[in-house]
>>> print(open('target-v1.txt').read())   # compact mmCIF, C-alpha atoms
# COMPACT_ATOMS: atom_id res chain seq x y z
CA MET K 1 0.00 0.00 0.00
CA LEU K 2 2.85 2.38 0.76
CA ALA K 3 4.50 1.58 -2.54
CA LEU K 4 1.21 2.14 -4.37
CA ALA K 5 0.67 5.47 -2.59
CA ALA K 6 4.16 6.65 -3.58
CA PHE K 7 3.57 5.49 -7.15
CA LEU K 8 0.32 7.49 -7.34
CA ALA K 9 2.03 10.54 -5.86
CA PHE K 10 4.61 10.42 -8.64
CA LEU K 11 1.84 10.10 -11.23
CA ILE K 12 -0.15 13.03 -9.81
CA SER K 13 2.80 15.41 -9.31
CA PRO K 14 5.69 14.08 -11.39
CA ALA K 15 7.48 17.41 -11.73
CA ARG K 16 7.39 18.16 -7.99
CA TYR K 17 8.71 14.82 -6.83
CA ALA K 18 11.15 14.35 -9.69
CA GLN K 19 12.67 17.62 -8.51
CA ARG K 20 12.89 16.22 -4.98
CA VAL K 21 14.69 13.12 -6.29
CA SER K 22 17.06 15.43 -8.12
CA GLU K 23 17.69 17.34 -4.90
CA GLY K 24 18.36 14.04 -3.12
CA ILE K 25 20.89 13.05 -5.77
CA SER K 26 22.57 16.45 -5.40
CA LEU K 27 22.67 16.00 -1.63
CA TRP K 28 24.29 12.60 -2.09
CA ALA K 29 26.78 13.80 -4.71
CA VAL K 30 27.84 16.94 -2.84
CA SER K 31 27.61 15.99 0.84
CA VAL K 32 27.66 12.19 1.10
CA LEU K 33 29.68 10.75 -1.78
CA PRO K 34 32.96 12.67 -1.10
CA VAL K 35 33.09 11.25 2.44
CA THR K 36 31.31 7.91 2.11
CA LEU K 37 33.24 6.56 -0.89
CA PRO K 38 36.71 6.97 0.65
CA PHE K 39 35.55 5.55 3.99
CA LEU K 40 33.87 2.55 2.34
CA PHE K 41 36.91 1.88 0.19
CA LEU K 42 39.35 2.17 3.09
CA THR K 43 37.11 0.07 5.37
CA LEU K 44 37.00 -2.76 2.83
CA LEU K 45 40.70 -2.46 2.00
CA LEU K 46 41.79 -2.49 5.64
CA SER K 47 39.75 -5.64 6.31
CA ARG K 48 41.78 -7.44 3.63
CA LEU K 49 45.26 -6.41 4.78
CA PRO K 50 47.57 -8.25 7.22
CA ALA K 51 47.36 -5.31 9.64
CA TYR K 52 43.68 -6.09 10.12
CA ALA K 53 44.53 -9.52 11.47
CA ARG K 54 47.00 -8.02 13.95
CA VAL K 55 44.55 -5.39 15.15
CA SER K 56 41.80 -8.02 15.37
CA GLY K 57 44.01 -10.16 17.54
CA ALA K 58 44.67 -7.23 19.86
CA LEU K 59 40.99 -6.30 20.10
CA SER K 60 39.74 -9.85 20.49
CA PRO K 61 40.01 -10.09 24.31
CA ILE K 62 38.31 -6.69 24.83
CA PHE K 63 35.34 -7.30 22.56
CA ALA K 64 35.02 -10.94 23.58
CA ARG K 65 34.62 -10.00 27.24
CA SER K 66 32.43 -6.93 26.70
CA PHE K 67 30.19 -7.82 23.75
CA ARG K 68 30.89 -11.48 22.97
CA VAL K 69 32.16 -10.75 19.46
CA SER K 70 35.49 -11.71 17.95
CA GLY K 71 38.37 -9.41 17.08
CA ALA K 72 37.16 -9.29 13.46
CA GLY K 73 33.75 -8.10 14.64
CA GLY K 74 35.44 -5.65 16.98
CA CYS K 75 37.39 -4.18 14.08
CA ALA K 76 34.13 -3.76 12.13
CA ALA K 77 32.68 -1.92 15.14
CA VAL K 78 35.72 0.38 15.33
CA LEU K 79 35.58 1.08 11.60
CA SER K 80 31.87 1.89 11.92
CA LEU K 81 32.61 4.13 14.90
CA LEU K 82 35.14 6.12 12.89
CA SER K 83 33.35 6.07 9.53
CA GLY K 84 29.65 5.98 10.36
CA TYR K 85 26.95 4.08 8.55
CA PRO K 86 26.77 2.36 6.14
CA ALA K 87 30.48 1.48 6.26
CA GLY K 88 30.01 -0.72 9.32
CA ALA K 89 27.14 -2.67 7.77
CA ARG K 90 29.19 -3.21 4.61
CA ALA K 91 32.12 -4.41 6.70
CA VAL K 92 29.86 -6.92 8.51
CA LEU K 93 28.66 -8.32 5.16
CA ASP K 94 32.22 -8.55 3.86
CA LEU K 95 33.40 -10.43 6.95
CA HIS K 96 30.35 -12.73 6.80
CA GLU K 97 30.91 -13.58 3.14
CA ARG K 98 34.55 -14.37 3.80
CA GLY K 99 33.71 -16.62 6.73
CA LEU K 100 35.44 -14.41 9.31
CA LEU K 101 32.38 -14.06 11.54
CA ALA K 102 30.83 -17.01 13.33
CA ARG K 103 27.14 -17.46 12.55
CA GLU K 104 26.06 -16.82 16.14
CA GLU K 105 28.01 -13.55 16.44
CA THR K 106 26.89 -11.93 13.16
CA PHE K 107 23.75 -10.40 14.70
CA ARG K 108 25.62 -9.01 17.71
CA THR K 109 28.29 -7.57 15.45
CA ALA K 110 25.63 -5.94 13.27
CA CYS K 111 24.03 -4.30 16.32
CA LEU K 112 27.42 -3.05 17.45
CA ALA K 113 28.75 -1.93 14.05
CA THR K 114 25.79 0.12 12.78
CA THR K 115 26.71 3.48 14.25
CA SER K 116 26.91 7.04 13.08
CA GLY K 117 30.29 8.72 13.19
CA PRO K 118 31.71 11.85 14.80
CA ALA K 119 31.99 13.60 11.42
CA PHE K 120 28.19 13.67 11.13
CA LEU K 121 27.22 14.16 14.77
CA ALA K 122 29.90 16.57 15.95
CA GLY K 123 30.54 18.07 12.52
CA THR K 124 27.25 18.33 10.63
CA LEU K 125 24.77 18.45 13.51
CA GLY K 126 27.25 20.24 15.77
CA SER K 127 27.49 23.05 13.24
CA ILE K 128 23.73 23.57 13.62
CA ALA K 129 23.18 23.16 17.37
CA GLY K 130 26.69 23.76 18.71
CA ILE K 131 29.75 21.55 18.93
CA GLY K 132 28.95 20.64 22.55
CA ILE K 133 25.53 19.28 21.61
CA GLY K 134 27.10 17.40 18.71
CA TRP K 135 29.49 15.55 21.03
CA LEU K 136 26.66 15.03 23.54
CA LEU K 137 24.67 13.30 20.81
CA PHE K 138 27.68 11.18 19.90
CA ALA K 139 28.18 10.09 23.52
CA ALA K 140 24.48 9.27 24.01
CA HIS K 141 24.38 7.45 20.66
CA LEU K 142 27.28 5.18 21.63
CA ALA K 143 25.93 4.65 25.15
CA GLY K 144 22.61 3.39 23.78
CA ILE K 145 24.26 1.08 21.25
CA TRP K 146 26.87 -0.30 23.62
CA SER K 147 24.34 -0.88 26.43
CA VAL K 148 22.11 -3.11 24.31
CA SER K 149 25.10 -4.86 22.73
CA PHE K 150 26.50 -5.59 26.20
CA VAL K 151 23.21 -7.12 27.33
CA LEU K 152 22.93 -9.21 24.16
CA GLY K 153 26.39 -10.59 24.82
CA ARG K 154 25.44 -11.85 28.28
CA ARG K 155 23.36 -14.60 26.66
CA THR K 156 26.31 -16.43 25.15
CA LYS K 157 29.89 -17.48 25.78
CA PRO K 158 32.86 -15.43 24.56
CA PRO K 159 34.07 -16.45 21.08
CA ALA K 160 37.38 -18.15 20.63
CA ALA K 161 40.31 -15.77 20.65
CA GLY K 162 42.54 -15.36 17.66
CA ALA K 163 43.11 -13.25 14.60
CA PRO K 164 41.24 -13.92 11.36
CA PRO K 165 43.07 -14.98 8.22
CA VAL K 166 43.52 -12.37 5.49
CA ARG K 167 44.29 -12.43 1.81
CA SER K 168 47.91 -11.80 0.98
CA ASP K 169 47.52 -10.42 -2.55
CA PRO K 170 47.53 -6.60 -2.27
CA GLN K 171 46.50 -6.13 -5.92
CA ASN K 172 43.35 -8.24 -5.54
CA ALA K 173 42.56 -6.53 -2.24
CA LEU K 174 42.78 -3.12 -3.92
CA THR K 175 40.62 -3.93 -6.94
CA GLU K 176 38.03 -5.91 -5.00
CA SER K 177 37.71 -3.16 -2.38
CA LEU K 178 37.33 -0.46 -5.02
CA SER K 179 34.67 -2.37 -6.95
CA ALA K 180 32.68 -3.20 -3.81
CA ALA K 181 32.92 0.39 -2.52
CA VAL K 182 31.64 1.89 -5.78
CA LEU K 183 28.66 -0.48 -5.94
CA SER K 184 27.88 0.13 -2.28
CA VAL K 185 27.98 3.90 -2.54
CA LEU K 186 25.64 3.78 -5.55
CA ALA K 187 23.13 1.86 -3.41
CA VAL K 188 23.49 4.52 -0.72
CA GLY K 189 22.87 7.27 -3.27
CA GLY K 190 19.73 5.58 -4.56
CA ALA K 191 18.34 5.25 -1.03
CA ILE K 192 19.03 8.90 -0.19
CA ALA K 193 17.47 10.21 -3.41
CA LEU K 194 14.31 8.13 -3.07
CA PHE K 195 13.71 8.64 0.63
CA TYR K 196 14.41 12.34 0.35
CA ALA K 197 11.46 12.50 -2.04
CA PHE K 198 9.37 10.15 0.13
CA GLY K 199 9.90 12.48 3.08
CA TYR K 200 8.35 15.34 1.14
CA MET K 201 5.47 13.10 0.09
CA LEU K 202 4.74 12.31 3.70
CA ALA K 203 4.99 15.98 4.67
CA ASP K 204 2.51 16.87 1.92
CA LEU K 205 0.16 14.12 3.05
CA LEU K 206 0.22 15.26 6.68
CA SER K 207 0.09 19.00 6.01
CA PRO K 208 -3.72 19.23 6.54
CA LEU K 209 -3.24 17.90 10.08
CA ALA K 210 -1.13 20.92 11.07
CA LEU K 211 1.16 18.85 13.28
CA PRO K 212 3.29 20.65 15.87
CA GLU K 213 6.73 21.53 14.56
CA THR K 214 8.52 19.00 16.76
CA ALA K 215 6.17 16.15 15.79
CA ALA K 216 6.46 17.02 12.09
CA ALA K 217 10.26 16.98 12.34
CA VAL K 218 10.21 13.54 14.00
CA VAL K 219 7.87 12.15 11.33
CA GLN K 220 10.14 13.47 8.59
CA GLY K 221 13.19 12.11 10.41
CA LEU K 222 11.68 8.64 10.55
CA VAL K 223 11.71 8.71 6.75
CA GLU K 224 14.97 10.60 6.18
CA MET K 225 16.97 11.03 9.38
CA THR K 226 19.22 13.96 8.48
CA SER K 227 16.44 16.37 7.55
CA GLY K 228 14.51 15.52 10.73
CA CYS K 229 17.53 16.13 12.96
CA VAL K 230 18.30 19.43 11.23
CA LEU K 231 14.76 20.64 11.87
CA LEU K 232 14.86 19.57 15.52
CA LEU K 233 18.23 21.11 16.30
CA GLN K 234 17.49 24.52 14.83
CA ALA K 235 15.92 25.28 18.23
CA PRO K 236 17.57 22.75 20.58
CA SER K 237 15.98 21.82 23.88
CA PRO K 238 16.44 18.70 26.07
CA LEU K 239 13.41 17.07 24.40
CA ARG K 240 14.55 17.93 20.87
CA ILE K 241 18.10 16.75 21.60
CA ALA K 242 16.73 13.47 22.94
CA LEU K 243 14.53 13.00 19.87
CA SER K 244 17.54 13.70 17.63
CA ALA K 245 19.51 11.01 19.50
CA PHE K 246 16.63 8.60 18.90
CA LEU K 247 16.54 9.37 15.17
CA VAL K 248 20.31 9.10 14.74
CA THR K 249 20.45 5.76 16.57
CA PHE K 250 17.38 4.19 14.98
CA GLY K 251 18.35 5.64 11.61
CA GLY K 252 15.01 6.21 9.96
CA ALA K 253 13.84 4.39 6.84
CA CYS K 254 16.60 5.74 4.61
CA VAL K 255 19.48 4.63 6.84
CA LEU K 256 17.82 1.31 7.64
CA VAL K 257 17.40 0.55 3.95
CA GLN K 258 21.07 1.38 3.37
CA GLN K 259 22.13 -0.92 6.19
CA TRP K 260 19.73 -3.70 5.26
CA SER K 261 20.93 -3.71 1.67
CA PHE K 262 24.08 -5.27 3.16
CA LEU K 263 22.89 -6.98 6.36
CA GLY K 264 19.96 -8.68 4.62
CA ARG K 265 22.47 -11.01 2.95
CA THR K 266 23.91 -12.22 6.25
CA GLY K 267 20.91 -14.22 7.44
CA ILE K 268 19.95 -11.77 10.19
CA ARG K 269 16.17 -11.54 10.76
CA LEU K 270 14.84 -8.06 10.04
CA PRO K 271 12.26 -7.87 12.90
CA VAL K 272 14.90 -8.83 15.46
CA PHE K 273 17.36 -6.28 14.08
CA LEU K 274 14.70 -3.53 14.09
CA LEU K 275 13.79 -4.35 17.70
CA ALA K 276 17.44 -4.10 18.74
CA LYS K 277 17.89 -0.76 16.94
CA PHE K 278 14.67 0.60 18.44
CA THR K 279 15.82 -0.38 21.94
CA GLN K 280 19.20 1.23 21.33
CA ALA K 281 17.46 4.38 20.11
CA VAL K 282 15.20 4.62 23.18
CA LEU K 283 18.19 4.26 25.50
CA ALA K 284 20.19 6.81 23.50
CA ALA K 285 17.30 9.27 23.80
CA GLY K 286 17.20 8.75 27.56
CA PHE K 287 20.95 9.31 27.88
CA ALA K 288 20.77 12.41 25.68
CA TYR K 289 17.88 13.91 27.66
CA SER K 290 19.71 13.38 30.95
CA LEU K 291 22.92 14.92 29.61
CA ALA K 292 21.07 17.83 28.01
CA LEU K 293 19.55 18.75 31.38
CA LEU K 294 23.10 19.31 32.66
CA LEU K 295 23.94 21.87 29.96
>>> encode(input="target-v1.txt", output="structure tokens")
Amino acid sequence: MLALAAFLAFLISPARYAQRVSEGISLWAVSVLPVTLPFLFLTLLLSRLPAYARVSGALSPIFARSFRVSGAGGCAAVLSLLSGYPAGARAVLDLHERGLLAREETFRTACLATTSGPAFLAGTLGSIAGIGIGWLLFAAHLAGIWSVSFVLGRRTKPPAAGAPPVRSDPQNALTESLSAAVLSVLAVGGAIALFYAFGYMLADLLSPLALPETAAAVVQGLVEMTSGCVLLLQAPSPLRIALSAFLVTFGGACVLVQQWSFLGRTGIRLPVFLLAKFTQAVLAAGFAYSLALLL
């Protein structure tokens, strides 16, 4: 029904929504592609180099005790932490396809490695609401994700220690990483362009209801997270900061589609993943609200 409604909206107002798709493509090309493509490429390349095995071995005891994931999964979490989504989700898929993640730890790794990065939270959102609020959001975001991941890990035994094997051919690692990064970033661009337009469709549909500004921003953020957070943080308050933390951690439809385009091939069940992300988002909102009261 949602797909049919969007299809009819395009038929009724093709010029309006084609323009929105064009704006989404421009947003991707100007603001997302220059950062996402290098991070995706470097994330995939690093996971294929001997240094990755050494770092994985060093991280293995820490992540095994805390989150019950291996060193390879821990490296994916660190790469996601530095790069932001969808690099972490792509790294999880890459490790799964190469047999470097045990079947039982793939879900926990996905929950841990689907984070936003400091460049977006402290940089992009911090430039709107203030650098302090940007770092507050980053801290609350990680606290929510790590809390749920810690609890999930209590239900199982630590994985076996040890570093994963890596490919030794640098040329193949380079070409394979470049090809995978380009295809992945095209999928990201398609998701941004479409959901940018879908967000405006939803706003047009709800305009007769005259929703309060905060509620309208949350609804738009559930479709396309960035635009919702920008609207909320133009007039930051503890409630709006908490709602922004929720949107960033849950991701909204656009981010979830980007992540699921990779994670869906790992065997993870979508309802279980969505429940975990929702729980992480609720906790992140609670942490953000508490911290914002101290400002």
>>> atom_distance(input="target-v1.txt", atom1="CA of Arg48 (chain K)", atom2="CA of Val248 (chain K)")
29.3 Å
>>> closest_atom_pairs(input="target-v1.txt", of="region 41-62 of chain K", to="region 85-97 of chain K", cutoff="12 Å", atoms="all atoms listed in the file", output="CSV")
residue,atom,partner,partner_atom,distance
K:Phe41,CA,K:Ala87,CA,8.9
K:Leu42,CA,K:Ala87,CA,9.4
K:Thr43,CA,K:Ala87,CA,6.8
K:Leu44,CA,K:Ala91,CA,6.4
K:Leu45,CA,K:Ala91,CA,10.0
K:Leu46,CA,K:Ala91,CA,9.9
K:Ser47,CA,K:Ala91,CA,7.7
K:Arg48,CA,K:Leu95,CA,9.5
K:Tyr52,CA,K:Leu95,CA,11.6
>>> atom_distance(input="target-v1.txt", atom1="CA of Phe67 (chain K)", atom2="CA of Ser149 (chain K)")
6.0 Å
>>> atom_distance(input="target-v1.txt", atom1="CA of Val151 (chain K)", atom2="CA of Ser80 (chain K)")
19.8 Å
>>> closest_residue(input="target-v1.txt", among="K:Ala76, K:Val35, K:Leu82, K:Ala197", to="Ala15 (chain K)", atoms="only C-alpha atoms")
K:Ala197
>>> residues_around(input="target-v1.txt", residues="Tyr17 (chain K)", least_positions_apart="6", cutoff="9 Å", atoms="all atoms listed in the file", output="PDB file with C-alpha atoms, keeping the file's coordinate frame")
ATOM      1  CA  ALA K   9       2.030  10.540  -5.860  1.00  0.00           C
ATOM      2  CA  PHE K  10       4.610  10.420  -8.640  1.00  0.00           C
ATOM      3  CA  ALA K 197      11.460  12.500  -2.040  1.00  0.00           C
ATOM      4  CA  PHE K 198       9.370  10.150   0.130  1.00  0.00           C
ATOM      5  CA  TYR K 200       8.350  15.340   1.140  1.00  0.00           C
ATOM      6  CA  MET K 201       5.470  13.100   0.090  1.00  0.00           C
TER       7      MET K 201
END
>>> residues_around(input="target-v1.txt", residues="Leu270 (chain K)", least_positions_apart="5", cutoff="12 Å", atoms="all atoms listed in the file", output="PyMOL selection string")
chain K and resi 107+110-111+256-257+259-265+275-277
>>> closest_residue(input="target-v1.txt", among="K:Gln258, K:Thr36, K:Thr114, K:Ser177", to="Gln280 (chain K)", atoms="all atoms listed in the file")
K:Thr114
>>> closest_residue(input="target-v1.txt", among="K:Leu295, K:Thr266, K:Phe138, K:Leu283", to="Phe120 (chain K)", atoms="all atoms listed in the file")
K:Phe138
>>> residues_around(input="target-v1.txt", residues="Gly286 (chain K)", least_positions_apart="5", cutoff="12 Å", atoms="all atoms listed in the file", output="list in words")
Leu137, Ala139, Ala140, His141, Ala143, Gly144, Pro238, Leu239, Arg240, Ile241, Ala242, Leu243, Ser244, Ala245, Phe246, Thr249, Thr279, Gln280, Ala281, Leu291, Ala292 and Leu293 of chain K
>>> write_last_selection(input="target-v1.txt", atoms="C-alpha atoms", output="mmCIF file, keeping the file's coordinate frame")
data_model
loop_
_atom_site.group_PDB
_atom_site.id
_atom_site.type_symbol
_atom_site.label_atom_id
_atom_site.label_comp_id
_atom_site.auth_asym_id
_atom_site.auth_seq_id
_atom_site.Cartn_x
_atom_site.Cartn_y
_atom_site.Cartn_z
ATOM 1 C CA LEU K 137 24.670 13.300 20.810
ATOM 2 C CA ALA K 139 28.180 10.090 23.520
ATOM 3 C CA ALA K 140 24.480 9.270 24.010
ATOM 4 C CA HIS K 141 24.380 7.450 20.660
ATOM 5 C CA ALA K 143 25.930 4.650 25.150
ATOM 6 C CA GLY K 144 22.610 3.390 23.780
ATOM 7 C CA PRO K 238 16.440 18.700 26.070
ATOM 8 C CA LEU K 239 13.410 17.070 24.400
ATOM 9 C CA ARG K 240 14.550 17.930 20.870
ATOM 10 C CA ILE K 241 18.100 16.750 21.600
ATOM 11 C CA ALA K 242 16.730 13.470 22.940
ATOM 12 C CA LEU K 243 14.530 13.000 19.870
ATOM 13 C CA SER K 244 17.540 13.700 17.630
ATOM 14 C CA ALA K 245 19.510 11.010 19.500
ATOM 15 C CA PHE K 246 16.630 8.600 18.900
ATOM 16 C CA THR K 249 20.450 5.760 16.570
ATOM 17 C CA THR K 279 15.820 -0.380 21.940
ATOM 18 C CA GLN K 280 19.200 1.230 21.330
ATOM 19 C CA ALA K 281 17.460 4.380 20.110
ATOM 20 C CA LEU K 291 22.920 14.920 29.610
ATOM 21 C CA ALA K 292 21.070 17.830 28.010
ATOM 22 C CA LEU K 293 19.550 18.750 31.380
#
>>> closest_residue(input="target-v1.txt", among="K:Leu274, K:Ala235, K:Val32, K:Leu11", to="Ile133 (chain K)", atoms="only C-alpha atoms")
K:Ala235
>>> build_atoms(input="target-v1.txt", residues="region 64-89 of chain K", atoms="N, CA and C atoms", output="mmCIF file, keeping the file's coordinate frame")
data_model
loop_
_atom_site.group_PDB
_atom_site.id
_atom_site.type_symbol
_atom_site.label_atom_id
_atom_site.label_comp_id
_atom_site.auth_asym_id
_atom_site.auth_seq_id
_atom_site.Cartn_x
_atom_site.Cartn_y
_atom_site.Cartn_z
ATOM 1 N N ALA K 64 35.559 -9.650 23.138
ATOM 2 C CA ALA K 64 35.020 -10.940 23.580
ATOM 3 C C ALA K 64 34.428 -10.840 24.978
ATOM 4 N N ARG K 65 35.132 -10.148 25.881
ATOM 5 C CA ARG K 65 34.620 -10.000 27.240
ATOM 6 C C ARG K 65 33.421 -9.061 27.316
ATOM 7 N N SER K 66 33.463 -7.963 26.563
ATOM 8 C CA SER K 66 32.430 -6.930 26.700
ATOM 9 C C SER K 66 31.176 -7.250 25.898
ATOM 10 N N PHE K 67 31.345 -7.679 24.644
ATOM 11 C CA PHE K 67 30.190 -7.820 23.750
ATOM 12 C C PHE K 67 30.046 -9.206 23.145
ATOM 13 N N ARG K 68 30.941 -10.118 23.488
ATOM 14 C CA ARG K 68 30.890 -11.480 22.970
ATOM 15 C C ARG K 68 30.986 -11.520 21.441
ATOM 16 N N VAL K 69 31.853 -10.679 20.887
ATOM 17 C CA VAL K 69 32.160 -10.750 19.460
ATOM 18 C C VAL K 69 33.673 -10.912 19.319
ATOM 19 N N SER K 70 34.082 -11.440 18.186
ATOM 20 C CA SER K 70 35.490 -11.710 17.950
ATOM 21 C C SER K 70 36.242 -10.428 17.619
ATOM 22 N N GLY K 71 37.558 -10.563 17.466
ATOM 23 C CA GLY K 71 38.370 -9.410 17.080
ATOM 24 C C GLY K 71 37.978 -8.875 15.719
ATOM 25 N N ALA K 72 37.602 -9.753 14.772
ATOM 26 C CA ALA K 72 37.160 -9.290 13.460
ATOM 27 C C ALA K 72 35.908 -8.432 13.582
ATOM 28 N N GLY K 73 34.950 -8.894 14.402
ATOM 29 C CA GLY K 73 33.750 -8.100 14.640
ATOM 30 C C GLY K 73 34.076 -6.813 15.360
ATOM 31 N N GLY K 74 35.028 -6.855 16.282
ATOM 32 C CA GLY K 74 35.440 -5.650 16.980
ATOM 33 C C GLY K 74 36.042 -4.625 16.031
ATOM 34 N N CYS K 75 36.828 -5.094 15.072
ATOM 35 C CA CYS K 75 37.390 -4.180 14.080
ATOM 36 C C CYS K 75 36.282 -3.534 13.245
ATOM 37 N N ALA K 76 35.256 -4.325 12.878
ATOM 38 C CA ALA K 76 34.130 -3.760 12.130
ATOM 39 C C ALA K 76 33.442 -2.685 12.954
ATOM 40 N N ALA K 77 33.305 -2.916 14.265
ATOM 41 C CA ALA K 77 32.680 -1.920 15.140
ATOM 42 C C ALA K 77 33.521 -0.649 15.200
ATOM 43 N N VAL K 78 34.839 -0.797 15.288
ATOM 44 C CA VAL K 78 35.720 0.380 15.330
ATOM 45 C C VAL K 78 35.661 1.143 14.020
ATOM 46 N N LEU K 79 35.674 0.419 12.900
ATOM 47 C CA LEU K 79 35.580 1.080 11.600
ATOM 48 C C LEU K 79 34.259 1.821 11.461
ATOM 49 N N SER K 80 33.170 1.220 11.955
ATOM 50 C CA SER K 80 31.870 1.890 11.920
ATOM 51 C C SER K 80 31.884 3.124 12.809
ATOM 52 N N LEU K 81 32.522 3.011 13.970
ATOM 53 C CA LEU K 81 32.610 4.130 14.900
ATOM 54 C C LEU K 81 33.326 5.312 14.271
ATOM 55 N N LEU K 82 34.365 5.045 13.511
ATOM 56 C CA LEU K 82 35.140 6.120 12.890
ATOM 57 C C LEU K 82 34.482 6.628 11.616
ATOM 58 N N SER K 83 33.863 5.718 10.858
ATOM 59 C CA SER K 83 33.350 6.070 9.530
ATOM 60 C C SER K 83 31.878 6.433 9.534
ATOM 61 N N GLY K 84 31.090 5.790 10.399
ATOM 62 C CA GLY K 84 29.650 5.980 10.360
ATOM 63 C C GLY K 84 28.989 5.030 9.388
ATOM 64 N N TYR K 85 27.643 4.969 9.472
ATOM 65 C CA TYR K 85 26.950 4.080 8.550
ATOM 66 C C TYR K 85 26.964 4.683 7.141
ATOM 67 N N PRO K 86 26.967 3.818 6.118
ATOM 68 C CA PRO K 86 26.770 2.360 6.140
ATOM 69 C C PRO K 86 28.064 1.552 6.091
ATOM 70 N N ALA K 87 29.211 2.196 6.372
ATOM 71 C CA ALA K 87 30.480 1.480 6.260
ATOM 72 C C ALA K 87 30.527 0.270 7.179
ATOM 73 N N GLY K 88 29.991 0.402 8.393
ATOM 74 C CA GLY K 88 30.010 -0.720 9.320
ATOM 75 C C GLY K 88 29.188 -1.892 8.830
ATOM 76 N N ALA K 89 27.988 -1.600 8.293
ATOM 77 C CA ALA K 89 27.140 -2.670 7.770
ATOM 78 C C ALA K 89 27.818 -3.373 6.601
#
